[in-house]
Amino acid sequence: MKTALSAALICLAGMAAARAEPSITVSWRDKPPYHYIEDGREQGFLLKRTRAVFAAAGIAAHFVEEPQKRIWANFEHGASNYCSISWYRLPAREAFAQFSHPLHVDPPQALLIAAEAVPRVRAHATLAALLADPRMTLGVVDGVSYGADIDAMIAGSANRIMRRTVSVTVMIRMLAAGRASYMFVDRDDWRYYSKHDPAPAPAVLYAFPDMPAGMKRYLICSRDVAPAVMDKLNRAIDASAP
C-alpha cells in the first residue's frame with residue numbers, strides 16, 4: 001500500500017512539474033522547402049521534423065511564422081522561452097542564443113548564374129578567381145548569412161555587390177532580369193523554386209571545385225530555456241536523425 005502511494009505521489013509530482021514547465025514559442029521564417037505556407041497550410045520538411053522533436057521531447061510548443069528580422073530582434077531584446085528553427089551557428093549569435101544539436105546538414109551552396117553571364121562566370125577556374133573579378137556583380141540577400149566561410153568571401157570580394165533586403169525568390173528574379181551576374185543559392189531553395197514557379201528564371205546552377213562544404217542548421221533558443229529542456233530536445237533530435 002505504501003509503495004503504491006509513493007508511486008502515485010511521484011507520478012503526480014512529475015505531472016505537476018510538466019504542467020509548470022512553460023510553453024516554448026518556436027518561430028520560423030518563410031523559407032521553402034524548409035518551412036513555408038502553401039494553400040493556407042504550414043508545410044516544410046524541417047518544420048515537420050521540429051514539431052516531431054518537440055512532441056518526442058514532451059515540450060509544449062507554440063509555432064509561429066515571423067519575419068527573420070523580427071526573430072533576431074526578439075533574441076537580441078531578451079525574448080523569454082523562445083526558440084527558432086534552422087539557423088547557422090555563428091559566433092555573433094552565440095552571444096544571445098543557445099544552440100541545439102544539428103537539425104539538418106545542407107548540401108554545399110551553388111552559384112546561380114544569369115543566362116547572359118554564364119560564359120563570363122565559367123571563364124574562371126575557381127570561386128576565388130570569380131570573387132576577385134571587379135567586372136562581376138554579385139547579388140546578395142541582405143540580412144541573411146550564407147555561412148561563415150561564404151560571408152567572409154563576400155566581405156573580401158572585389159565584385160560589385162548588389163545587396164537588397166528581399167526574399168531569395170525576388171533576388172532570383174532580379175538576377176534573371178540582368179541586375180546581377182550571379183548569386184549564391186541553397187540547392188534546396190533552387191529546386192523548390194524551379195519546380196513551383198510558373199515562369200522559372202532563365203538561370204544556370206553551377207559549382208566550382210572550391211565551393212565550401214555544406215553548413216549545419218540548428219534549433220536556437222533564448223538563454224532562459226533551461227538546460228534540462230535543451231537536453232530533452234537534443235536527445236529527441238539525435239533520436240530522429242535521418
# chains A, B, ... in the order shown; residues from 1 in each chain; ligands from 1

call {"tool": "select_by_dssp", "arguments": {"residues": "stretch 2-235 of chain A", "states": "strand (DSSP E)", "output": "NGL selection string"}}
result
:A and (24-28 or 36-38 or 41-43 or 61-65 or 82-87 or 97-105 or 110-114 or 137-141 or 160-164 or 182-185 or 203-206 or 216-222)

call {"tool": "residues_around", "arguments": {"residues": "A:Ile59", "least_positions_apart": "5", "cutoff": "10 Å", "atoms": "only C-alpha atoms", "output": "PyMOL selection string"}}
result
chain A and resi 18+21-24+51+53-54+229-230+232-233

call {"tool": "write_last_selection", "arguments": {"atoms": "N, CA, C and O atoms", "output": "mmCIF file, in the first residue's frame"}}
result
data_model
loop_
_atom_site.group_PDB
_atom_site.id
_atom_site.type_symbol
_atom_site.label_atom_id
_atom_site.label_comp_id
_atom_site.auth_asym_id
_atom_site.auth_seq_id
_atom_site.Cartn_x
_atom_site.Cartn_y
_atom_site.Cartn_z
ATOM 1 N N ALA A 18 5.589 18.893 -15.176
ATOM 2 C CA ALA A 18 5.394 19.062 -16.612
ATOM 3 C C ALA A 18 4.465 20.226 -16.894
ATOM 4 O O ALA A 18 4.674 21.016 -17.814
ATOM 5 N N GLU A 21 6.185 23.564 -16.439
ATOM 6 C CA GLU A 21 7.172 23.918 -17.449
ATOM 7 C C GLU A 21 6.511 24.823 -18.481
ATOM 8 O O GLU A 21 5.508 24.450 -19.088
ATOM 9 N N PRO A 22 7.040 26.025 -18.707
ATOM 10 C CA PRO A 22 6.364 26.961 -19.612
ATOM 11 C C PRO A 22 6.399 26.489 -21.059
ATOM 12 O O PRO A 22 7.315 25.787 -21.490
ATOM 13 N N SER A 23 5.383 26.872 -21.814
ATOM 14 C CA SER A 23 5.345 26.574 -23.238
ATOM 15 C C SER A 23 6.413 27.400 -23.956
ATOM 16 O O SER A 23 6.679 28.552 -23.594
ATOM 17 N N ILE A 24 7.027 26.802 -24.961
ATOM 18 C CA ILE A 24 8.057 27.472 -25.751
ATOM 19 C C ILE A 24 7.423 28.036 -27.026
ATOM 20 O O ILE A 24 6.674 27.340 -27.713
ATOM 21 N N ARG A 51 8.542 19.955 -35.224
ATOM 22 C CA ARG A 51 7.319 19.642 -34.453
ATOM 23 C C ARG A 51 7.432 18.262 -33.811
ATOM 24 O O ARG A 51 7.083 18.072 -32.643
ATOM 25 N N VAL A 53 10.181 16.699 -33.036
ATOM 26 C CA VAL A 53 11.202 16.755 -31.985
ATOM 27 C C VAL A 53 10.604 17.258 -30.679
ATOM 28 O O VAL A 53 10.820 16.673 -29.602
ATOM 29 N N PHE A 54 9.838 18.357 -30.733
ATOM 30 C CA PHE A 54 9.227 18.888 -29.513
ATOM 31 C C PHE A 54 8.225 17.893 -28.921
ATOM 32 O O PHE A 54 8.159 17.727 -27.691
ATOM 33 N N VAL A 229 15.612 21.278 -20.483
ATOM 34 C CA VAL A 229 14.773 21.332 -21.685
ATOM 35 C C VAL A 229 15.638 21.152 -22.929
ATOM 36 O O VAL A 229 15.293 20.386 -23.842
ATOM 37 N N MET A 230 16.773 21.837 -22.978
ATOM 38 C CA MET A 230 17.681 21.685 -24.112
ATOM 39 C C MET A 230 18.161 20.239 -24.235
ATOM 40 O O MET A 230 18.291 19.710 -25.348
ATOM 41 N N LYS A 232 16.521 17.521 -23.312
ATOM 42 C CA LYS A 232 15.420 16.721 -23.881
ATOM 43 C C LYS A 232 15.321 16.927 -25.387
ATOM 44 O O LYS A 232 15.120 15.974 -26.147
ATOM 45 N N LEU A 233 15.450 18.175 -25.818
ATOM 46 C CA LEU A 233 15.377 18.471 -27.239
ATOM 47 C C LEU A 233 16.534 17.825 -28.006
ATOM 48 O O LEU A 233 16.340 17.244 -29.086
#

call {"tool": "closest_atom_pairs", "arguments": {"of": "stretch 123-221 of chain A", "to": "stretch 67-88 of chain A", "cutoff": "7 Å", "atoms": "only C-alpha atoms", "output": "JSON lines"}}
result
{"residue": "A:Gly147", "atom": "CA", "partner": "A:Tyr88", "partner_atom": "CA", "distance": 6.5}
{"residue": "A:Met215", "atom": "CA", "partner": "A:Tyr88", "partner_atom": "CA", "distance": 6.9}
{"residue": "A:Lys216", "atom": "CA", "partner": "A:Tyr88", "partner_atom": "CA", "distance": 6.2}
{"residue": "A:Arg217", "atom": "CA", "partner": "A:Ser86", "partner_atom": "CA", "distance": 4.7}
{"residue": "A:Tyr218", "atom": "CA", "partner": "A:Ser86", "partner_atom": "CA", "distance": 4.8}
{"residue": "A:Leu219", "atom": "CA", "partner": "A:Ile85", "partner_atom": "CA", "distance": 4.8}
{"residue": "A:Ile220", "atom": "CA", "partner": "A:Cys83", "partner_atom": "CA", "distance": 5.4}
{"residue": "A:Cys221", "atom": "CA", "partner": "A:Cys83", "partner_atom": "CA", "distance": 4.0}

call {"tool": "residues_around", "arguments": {"residues": "A:Arg120", "least_positions_apart": "3", "cutoff": "10 Å", "atoms": "only C-alpha atoms", "output": "PyMOL selection string"}}
result
chain A and resi 113+116-117+123-124+130+135-136+181

call {"tool": "write_last_selection", "arguments": {"atoms": "N, CA, C and O atoms", "output": "compact mmCIF listing (two decimals), in the first residue's frame"}}
result
# COMPACT_ATOMS: atom_id res chain seq x y z
N ILE A 113 23.62 31.52 -61.94
CA ILE A 113 24.20 32.49 -62.88
C ILE A 113 23.13 32.99 -63.83
O ILE A 113 22.36 32.21 -64.39
N GLU A 116 22.91 35.43 -69.38
CA GLU A 116 23.87 36.19 -70.20
C GLU A 116 25.27 36.19 -69.60
O GLU A 116 26.25 36.47 -70.31
N ALA A 117 25.40 35.89 -68.32
CA ALA A 117 26.71 35.94 -67.65
C ALA A 117 27.40 34.58 -67.58
O ALA A 117 28.54 34.50 -67.09
N ALA A 123 34.43 31.31 -67.27
CA ALA A 123 35.80 31.60 -67.70
C ALA A 123 36.78 31.55 -66.55
O ALA A 123 37.99 31.46 -66.74
N HIS A 124 36.27 31.58 -65.32
CA HIS A 124 37.11 31.50 -64.13
C HIS A 124 37.26 30.03 -63.72
O HIS A 124 36.30 29.26 -63.79
N LEU A 130 36.69 34.02 -59.37
CA LEU A 130 35.46 34.74 -59.70
C LEU A 130 35.24 35.91 -58.73
O LEU A 130 34.90 37.03 -59.14
N ARG A 135 34.69 43.04 -62.48
CA ARG A 135 33.70 43.26 -63.53
C ARG A 135 32.40 42.52 -63.24
O ARG A 135 31.37 42.79 -63.89
N MET A 136 32.39 41.60 -62.29
CA MET A 136 31.21 40.80 -61.99
C MET A 136 30.36 41.47 -60.90
O MET A 136 30.90 42.15 -60.01
N SER A 181 25.20 39.41 -61.96
CA SER A 181 25.80 38.34 -62.77
C SER A 181 25.50 36.97 -62.18
O SER A 181 25.24 36.00 -62.91

call {"tool": "atom_distance", "arguments": {"atom1": "atom CA of A:Arg160", "atom2": "atom CA of A:Pro134"}}
result
6.3 Å

call {"tool": "residues_around", "arguments": {"residues": "A:Leu47", "least_positions_apart": "6", "cutoff": "12 Å", "atoms": "only C-alpha atoms", "output": "list in words"}}
result
Val26, Ser27, Trp28, Arg29, Asp30, Lys31, Pro32, Pro33, Tyr34, His35, Tyr36, Ile37, Arg41, Val53, Phe54, Phe63, Val64, Glu65, Ser84, Ile85, Ser86, Leu103, His104 and Leu219 of chain A

call {"tool": "select_by_dssp", "arguments": {"residues": "stretch 56-223 of chain A", "states": "alpha helix (DSSP H)", "output": "ChimeraX atom specification"}}
result
/A:56-57,68-76,91-94,118-122,127-131,148-155,168-176,187-196

call {"tool": "atom_distance", "arguments": {"atom1": "atom CA of A:Phe99", "atom2": "atom CA of A:Ala57"}}
result
16.0 Å

call {"tool": "closest_residue", "arguments": {"among": "A:Ala114, A:Ile172, A:Met153, A:Ile161", "to": "A:Asp197", "atoms": "only C-alpha atoms"}}
result
A:Ile172

call {"tool": "residues_around", "arguments": {"residues": "A:Thr169", "least_positions_apart": "3", "cutoff": "9 Å", "atoms": "only C-alpha atoms", "output": "NGL selection string"}}
result
:A and (166 or 172-174 or 189-190 or 193)

call {"tool": "closest_residue", "arguments": {"among": "A:Glu94, A:Asp186, A:Asp238, A:Asp142", "to": "A:Leu112", "atoms": "only C-alpha atoms"}}
result
A:Asp186

call {"tool": "atom_distance", "arguments": {"atom1": "atom CA of A:Pro108", "atom2": "atom CA of A:Met211"}}
result
7.0 Å

call {"tool": "residues_around", "arguments": {"residues": "A:Asp133", "least_positions_apart": "4", "cutoff": "7 Å", "atoms": "only C-alpha atoms", "output": "ChimeraX atom specification"}}
result
/A:129,158-159

call {"tool": "write_last_selection", "arguments": {"atoms": "all heavy atoms", "output": "PDB file, in the first residue's frame"}}
result
ATOM      1  N   ALA A 129      38.788  32.941 -57.868  1.00  0.00           N
ATOM      2  CA  ALA A 129      39.091  33.797 -59.020  1.00  0.00           C
ATOM      3  C   ALA A 129      37.872  34.621 -59.417  1.00  0.00           C
ATOM      4  O   ALA A 129      37.983  35.802 -59.768  1.00  0.00           O
ATOM      5  CB  ALA A 129      39.559  32.941 -60.188  1.00  0.00           C
ATOM      6  N   ALA A 158      36.132  41.392 -54.599  1.00  0.00           N
ATOM      7  CA  ALA A 158      36.337  42.565 -55.453  1.00  0.00           C
ATOM      8  C   ALA A 158      35.152  42.784 -56.393  1.00  0.00           C
ATOM      9  O   ALA A 158      35.131  43.765 -57.145  1.00  0.00           O
ATOM     10  CB  ALA A 158      37.612  42.396 -56.276  1.00  0.00           C
ATOM     11  N   ASN A 159      34.171  41.875 -56.360  1.00  0.00           N
ATOM     12  CA  ASN A 159      32.967  42.054 -57.182  1.00  0.00           C
ATOM     13  C   ASN A 159      32.202  43.308 -56.787  1.00  0.00           C
ATOM     14  O   ASN A 159      32.320  43.782 -55.654  1.00  0.00           O
ATOM     15  CB  ASN A 159      32.006  40.874 -56.999  1.00  0.00           C
ATOM     16  CG  ASN A 159      32.512  39.530 -57.485  1.00  0.00           C
ATOM     17  OD1 ASN A 159      31.962  38.509 -57.126  1.00  0.00           O
ATOM     18  ND2 ASN A 159      33.562  39.498 -58.298  1.00  0.00           N
TER      19      ASN A 159
END
